[in-house]
Amino acid sequence: MTFITLTTDFGLEDPFVGIMKGVIATHAQDAVVIDVTHGVPPQDVLAGALVLRHAAPYFPAGTVHVAVVDPGVGTARRPLCVETDAGLLVGPDNGLLSLAGAALGTIRRVVHLTEERFFLAPRSATFHGRDVFAPVAAALARGTPAADLGVEVSDLRRLDVPTPVRGTGRIDGQVIYVDHFGNLVTNVGGDMLAGVASITIAGTRVRGPAPAYGAVAPGEPVVVVNSWGLLEVAVRDGSARTLLCVGVGAPVTVAEEG
Amino acid sequence: MTFITLTTDFGLEDPFVGIMKGVIATHAQDAVVIDVTHGVPPQDVLAGALVLRHAAPYFPAGTVHVAVVDPGVGTARRPLCVETDAGLLVGPDNGLLSLAGAALGTIRRVVHLTEERFFLAPRSATFHGRDVFAPVAAALARGTPAADLGVEVSDLRRLDVPTPVRGTGRIDGQVIYVDHFGNLVTNVGGDMLAGVASITIAGTRVRGPAPAYGAVAPGEPVVVVNSWGLLEVAVRDGSARTLLCVGVGAPVTVAEEG
Amino acid sequence: MTFITLTTDFGLEDPFVGIMKGVIATHAQDAVVIDVTHGVPPQDVLAGALVLRHAAPYFPAGTVHVAVVDPGVGTARRPLCVETDAGLLVGPDNGLLSLAGAALGTIRRVVHLTEERFFLAPRSATFHGRDVFAPVAAALARGTPAADLGVEVSDLRRLDVPTPVRGTGRIDGQVIYVDHFGNLVTNVGGDMLAGVASITIAGTRVRGPAPAYGAVAPGEPVVVVNSWGLLEVAVRDGSARTLLCVGVGAPVTVAEEG
């Protein structure tokens, strides 16, 4: 049994995701399709890359992960398949696949998808999820080797992910993702922390790191190490985004014990 | 074939639901996963319990129903498995499972999930859907008896659900759920009604109970007995929430014929 | 293996879609259910019909397509099954099925669903998705012939779809659908275009037709022929709905080269 995951910015209001699943059902009827999310903010390649990076490792080995956040659809950006130890990644070469690629073990091969016989014809200029990536994923699920799908290339495009800066007695990071609950996910890893004296986000000092959201009173902000291993600013039974009025890019400072 | 359902307040914008499905696919690859909904309002345990209670009876016997609306994640609240005549319920012991438990026939056994070998390791403090409930559901789907997952306990936590009050010639109830269409679902059962003289919601008298939404003109409010067997205030081709400006907790009075 | 697709205006916040899947799992446990979308605007039959028309052809032959946008639920509008060369359509007779019917090849048979033994009992007045259409789809997926489900009738209800008007040197059309990205889909087919002198939407001249969204600078509007073969007004890396402040019904004029 082969699993295919889908990660896009298509939303669920339109039939686009359903159409991709129709193409997969037509070309690989036994494949099991699982949505990672279709709620990536439109054209936000970094958010899509983060989401895929934190989801892909939880799927069975051999899973085909299709990701489409593709503002360059129809232009010269390359469609790719990235073969790793733990699974296959399919999508545009705009950085979207790069974080998951690094999280899935060694990258064995990067293939520029040039074999048009695996695509739908005619191919639209606006929906390569349907015309390129879904049928290629179906081909992989049927057992087609990645190498048969195009031309091996030397590398894929990387993303500029903001990284935290360690100074003397402090770490300066930022918010890189905000979830549905309004939790503010930062780029500061829980494993970077030794003795924490204080944590400040956008000028507000917040208690933590705490063992759970429930360590503070309802309505109070708190810092936890979240399920991605990252520092996260939350509000118990509420939304940190709303209470603190901040979003992606907000500065976070960890002061270390002296 | 075993079905696993998911009911959460995680939304679909993030990868959380997809990650749970990845864990299930990894640990019970033949299980079929069905979303009940992930649109429970954040941290609204009562709404989650109502949703699960009205959905679970429509699934095949033996289905494993996972529900996660869990503001206490990471604290001392217990993770549970509730074994009933008609299926298994898995989730936090905060009342979320109690209404569905009662709707699925006799409760045979309540198990406090303590056998950590069935969990993912390391276990995060913020995402037990991924680390506890998904792998436990997969174990149940593989045929692991509920009793093997932990320690049998005497009971699960119940919810305070508002109940309608029958007075002389009247029933006083309230709105307990508002759906996507803006229909106002009350706690007054259709089977409580004998001769209805009038129905009033938040001071506005509404026609009904009618046999269908279409019994009134477009834009008009109407009361029907809905698919959950409850009185519901709707607006034909419109939204009762918007027209009447009311929500959960709004009072509803049924005056009975004299 | 039989596929069943679902297209509704139920949204995903409530358990309604999950309940339909529970009914299908109970009555046709091997059927694979795929969501086309549940984000059709409430009661918007034309939007639902367009969505289904552009999705259904991408599914395997024999797929059962269930569509429920049904403001007349519980009234005298007929429940139908439409048998075509390429698949089966199930839903209310309010025009919702008519565009997909025409897109799936010859209509072989239209059946008024009158055989109540295939429905759930008791049948609610508000949720025929659960009580009529899901169990009928399950029966079809199990191999029940459409003709066994009711009485053959001569025709189904059609929709008034706005059609573009070709004048001397110009085509006058309109926006018929707006997607999640804010792209404005018109009723002007790409195959109607010969030499285009200019394209105007709601008084604003827009560049195109271009080969891809990326043909203009970020933030600029552009016309492309989209994946449905229709003229679409988009904004690169942005939303045409927001930038141009127009929606369904906005006039579009193509001036042809002299």
# chains A, B, ... in the order shown; residues from 1 in each chain; ligands from 1
$ select_by_dssp --residues "range 83-257 of chain B" --states "strand (DSSP E or B)" --output "ChimeraX atom specification"
/B:83-84,87-92,107-113,150-153,165-167,170-178,184-189,196-201,204-207,221-225,230-235,238,251-256
$ residues_around --residues "His112 in chain A" --least-positions-apart "5" --cutoff "8 Å" --atoms "only C-alpha atoms" --output "MDAnalysis selection string"
chainID A and resid 78:81 149:153
$ interface_residues --of "chain C" --to "chain A" --cutoff "7 Å" --atoms "only C-alpha atoms" --output "number ranges by chain"
C: 34-40, 51, 55, 58-60, 179-181, 211-212, 214, 226-227, 237
$ residues_around --residues "range 138-140 of chain C" --least-positions-apart "3" --cutoff "8 Å" --atoms "only C-alpha atoms" --output "PDB file with all heavy atoms, in the first residue's frame"
ATOM      1  N   ILE C  24     -22.143   5.944   4.564  1.00  0.00           N
ATOM      2  CA  ILE C  24     -21.559   5.219   3.432  1.00  0.00           C
ATOM      3  C   ILE C  24     -20.693   4.066   3.942  1.00  0.00           C
ATOM      4  O   ILE C  24     -20.761   2.944   3.416  1.00  0.00           O
ATOM      5  CB  ILE C  24     -20.744   6.177   2.533  1.00  0.00           C
ATOM      6  CG1 ILE C  24     -21.688   7.167   1.845  1.00  0.00           C
ATOM      7  CG2 ILE C  24     -19.925   5.396   1.506  1.00  0.00           C
ATOM      8  CD1 ILE C  24     -20.985   8.316   1.127  1.00  0.00           C
ATOM      9  N   HIS C  27     -22.867   1.171   4.902  1.00  0.00           N
ATOM     10  CA  HIS C  27     -23.618   0.483   3.852  1.00  0.00           C
ATOM     11  C   HIS C  27     -22.787   0.068   2.639  1.00  0.00           C
ATOM     12  O   HIS C  27     -23.292  -0.634   1.757  1.00  0.00           O
ATOM     13  CB  HIS C  27     -24.798   1.362   3.402  1.00  0.00           C
ATOM     14  CG  HIS C  27     -25.834   1.513   4.482  1.00  0.00           C
ATOM     15  ND1 HIS C  27     -25.793   2.518   5.420  1.00  0.00           N
ATOM     16  CD2 HIS C  27     -26.912   0.757   4.801  1.00  0.00           C
ATOM     17  CE1 HIS C  27     -26.821   2.392   6.252  1.00  0.00           C
ATOM     18  NE2 HIS C  27     -27.507   1.339   5.903  1.00  0.00           N
ATOM     19  N   ALA C  28     -21.566   0.546   2.544  1.00  0.00           N
ATOM     20  CA  ALA C  28     -20.688   0.133   1.421  1.00  0.00           C
ATOM     21  C   ALA C  28     -19.262   0.265   1.904  1.00  0.00           C
ATOM     22  O   ALA C  28     -18.551   1.190   1.538  1.00  0.00           O
ATOM     23  CB  ALA C  28     -20.935   0.996   0.182  1.00  0.00           C
ATOM     24  N   ALA C  31     -16.248   1.151  -0.404  1.00  0.00           N
ATOM     25  CA  ALA C  31     -16.226   2.336  -1.259  1.00  0.00           C
ATOM     26  C   ALA C  31     -15.197   3.335  -0.740  1.00  0.00           C
ATOM     27  O   ALA C  31     -15.014   3.483   0.467  1.00  0.00           O
ATOM     28  CB  ALA C  31     -17.614   2.979  -1.302  1.00  0.00           C
ATOM     29  N   VAL C  64     -19.414   7.380  -8.457  1.00  0.00           N
ATOM     30  CA  VAL C  64     -20.714   7.889  -8.033  1.00  0.00           C
ATOM     31  C   VAL C  64     -20.492   9.279  -7.438  1.00  0.00           C
ATOM     32  O   VAL C  64     -19.819   9.414  -6.418  1.00  0.00           O
ATOM     33  CB  VAL C  64     -21.351   6.969  -6.973  1.00  0.00           C
ATOM     34  CG1 VAL C  64     -22.700   7.520  -6.532  1.00  0.00           C
ATOM     35  CG2 VAL C  64     -21.477   5.543  -7.497  1.00  0.00           C
ATOM     36  N   PHE C 118     -34.187   1.996   0.267  1.00  0.00           N
ATOM     37  CA  PHE C 118     -32.763   2.332   0.221  1.00  0.00           C
ATOM     38  C   PHE C 118     -32.419   3.532   1.108  1.00  0.00           C
ATOM     39  O   PHE C 118     -31.248   3.889   1.226  1.00  0.00           O
ATOM     40  CB  PHE C 118     -32.329   2.619  -1.226  1.00  0.00           C
ATOM     41  CG  PHE C 118     -32.361   1.406  -2.105  1.00  0.00           C
ATOM     42  CD1 PHE C 118     -33.420   1.192  -2.985  1.00  0.00           C
ATOM     43  CD2 PHE C 118     -31.347   0.454  -2.030  1.00  0.00           C
ATOM     44  CE1 PHE C 118     -33.456   0.056  -3.790  1.00  0.00           C
ATOM     45  CE2 PHE C 118     -31.377  -0.675  -2.832  1.00  0.00           C
ATOM     46  CZ  PHE C 118     -32.433  -0.882  -3.718  1.00  0.00           C
ATOM     47  N   ALA C 134     -26.678   9.676   0.760  1.00  0.00           N
ATOM     48  CA  ALA C 134     -25.559   8.804   1.158  1.00  0.00           C
ATOM     49  C   ALA C 134     -25.936   7.328   1.048  1.00  0.00           C
ATOM     50  O   ALA C 134     -25.185   6.544   0.447  1.00  0.00           O
ATOM     51  CB  ALA C 134     -25.077   9.148   2.567  1.00  0.00           C
ATOM     52  N   PRO C 135     -27.076   6.889   1.601  1.00  0.00           N
ATOM     53  CA  PRO C 135     -27.374   5.453   1.455  1.00  0.00           C
ATOM     54  C   PRO C 135     -27.643   5.036   0.013  1.00  0.00           C
ATOM     55  O   PRO C 135     -27.316   3.900  -0.372  1.00  0.00           O
ATOM     56  CB  PRO C 135     -28.599   5.241   2.354  1.00  0.00           C
ATOM     57  CG  PRO C 135     -29.165   6.593   2.621  1.00  0.00           C
ATOM     58  CD  PRO C 135     -28.026   7.570   2.510  1.00  0.00           C
ATOM     59  N   GLY C 143     -23.288  -1.969  -6.262  1.00  0.00           N
ATOM     60  CA  GLY C 143     -23.659  -2.582  -7.533  1.00  0.00           C
ATOM     61  C   GLY C 143     -25.137  -2.562  -7.849  1.00  0.00           C
ATOM     62  O   GLY C 143     -25.557  -3.108  -8.879  1.00  0.00           O
ATOM     63  N   THR C 144     -25.952  -1.952  -6.999  1.00  0.00           N
ATOM     64  CA  THR C 144     -27.379  -1.853  -7.301  1.00  0.00           C
ATOM     65  C   THR C 144     -27.567  -1.034  -8.584  1.00  0.00           C
ATOM     66  O   THR C 144     -27.040   0.061  -8.694  1.00  0.00           O
ATOM     67  CB  THR C 144     -28.116  -1.131  -6.145  1.00  0.00           C
ATOM     68  OG1 THR C 144     -27.762  -1.762  -4.915  1.00  0.00           O
ATOM     69  CG2 THR C 144     -29.616  -1.143  -6.344  1.00  0.00           C
ATOM     70  N   PRO C 145     -28.315  -1.553  -9.561  1.00  0.00           N
ATOM     71  CA  PRO C 145     -28.552  -0.761 -10.784  1.00  0.00           C
ATOM     72  C   PRO C 145     -29.378   0.481 -10.460  1.00  0.00           C
ATOM     73  O   PRO C 145     -30.293   0.436  -9.626  1.00  0.00           O
ATOM     74  CB  PRO C 145     -29.346  -1.715 -11.685  1.00  0.00           C
ATOM     75  CG  PRO C 145     -29.144  -3.086 -11.112  1.00  0.00           C
ATOM     76  CD  PRO C 145     -28.928  -2.893  -9.637  1.00  0.00           C
ATOM     77  N   ALA C 146     -29.050   1.589 -11.125  1.00  0.00           N
ATOM     78  CA  ALA C 146     -29.792   2.835 -10.904  1.00  0.00           C
ATOM     79  C   ALA C 146     -31.283   2.613 -11.110  1.00  0.00           C
ATOM     80  O   ALA C 146     -32.118   3.171 -10.384  1.00  0.00           O
ATOM     81  CB  ALA C 146     -29.272   3.921 -11.851  1.00  0.00           C
TER      82      ALA C 146
END
$ closest_residue --among "A:Ser198, A:Val216, A:Gly182, A:Met192" --to "Ser239 in chain A" --atoms "only C-alpha atoms"
A:Gly182
$ atom_distance --atom1 "CA of Gly169 in chain C" --atom2 "CA of Ala194 in chain C"
10.3 Å
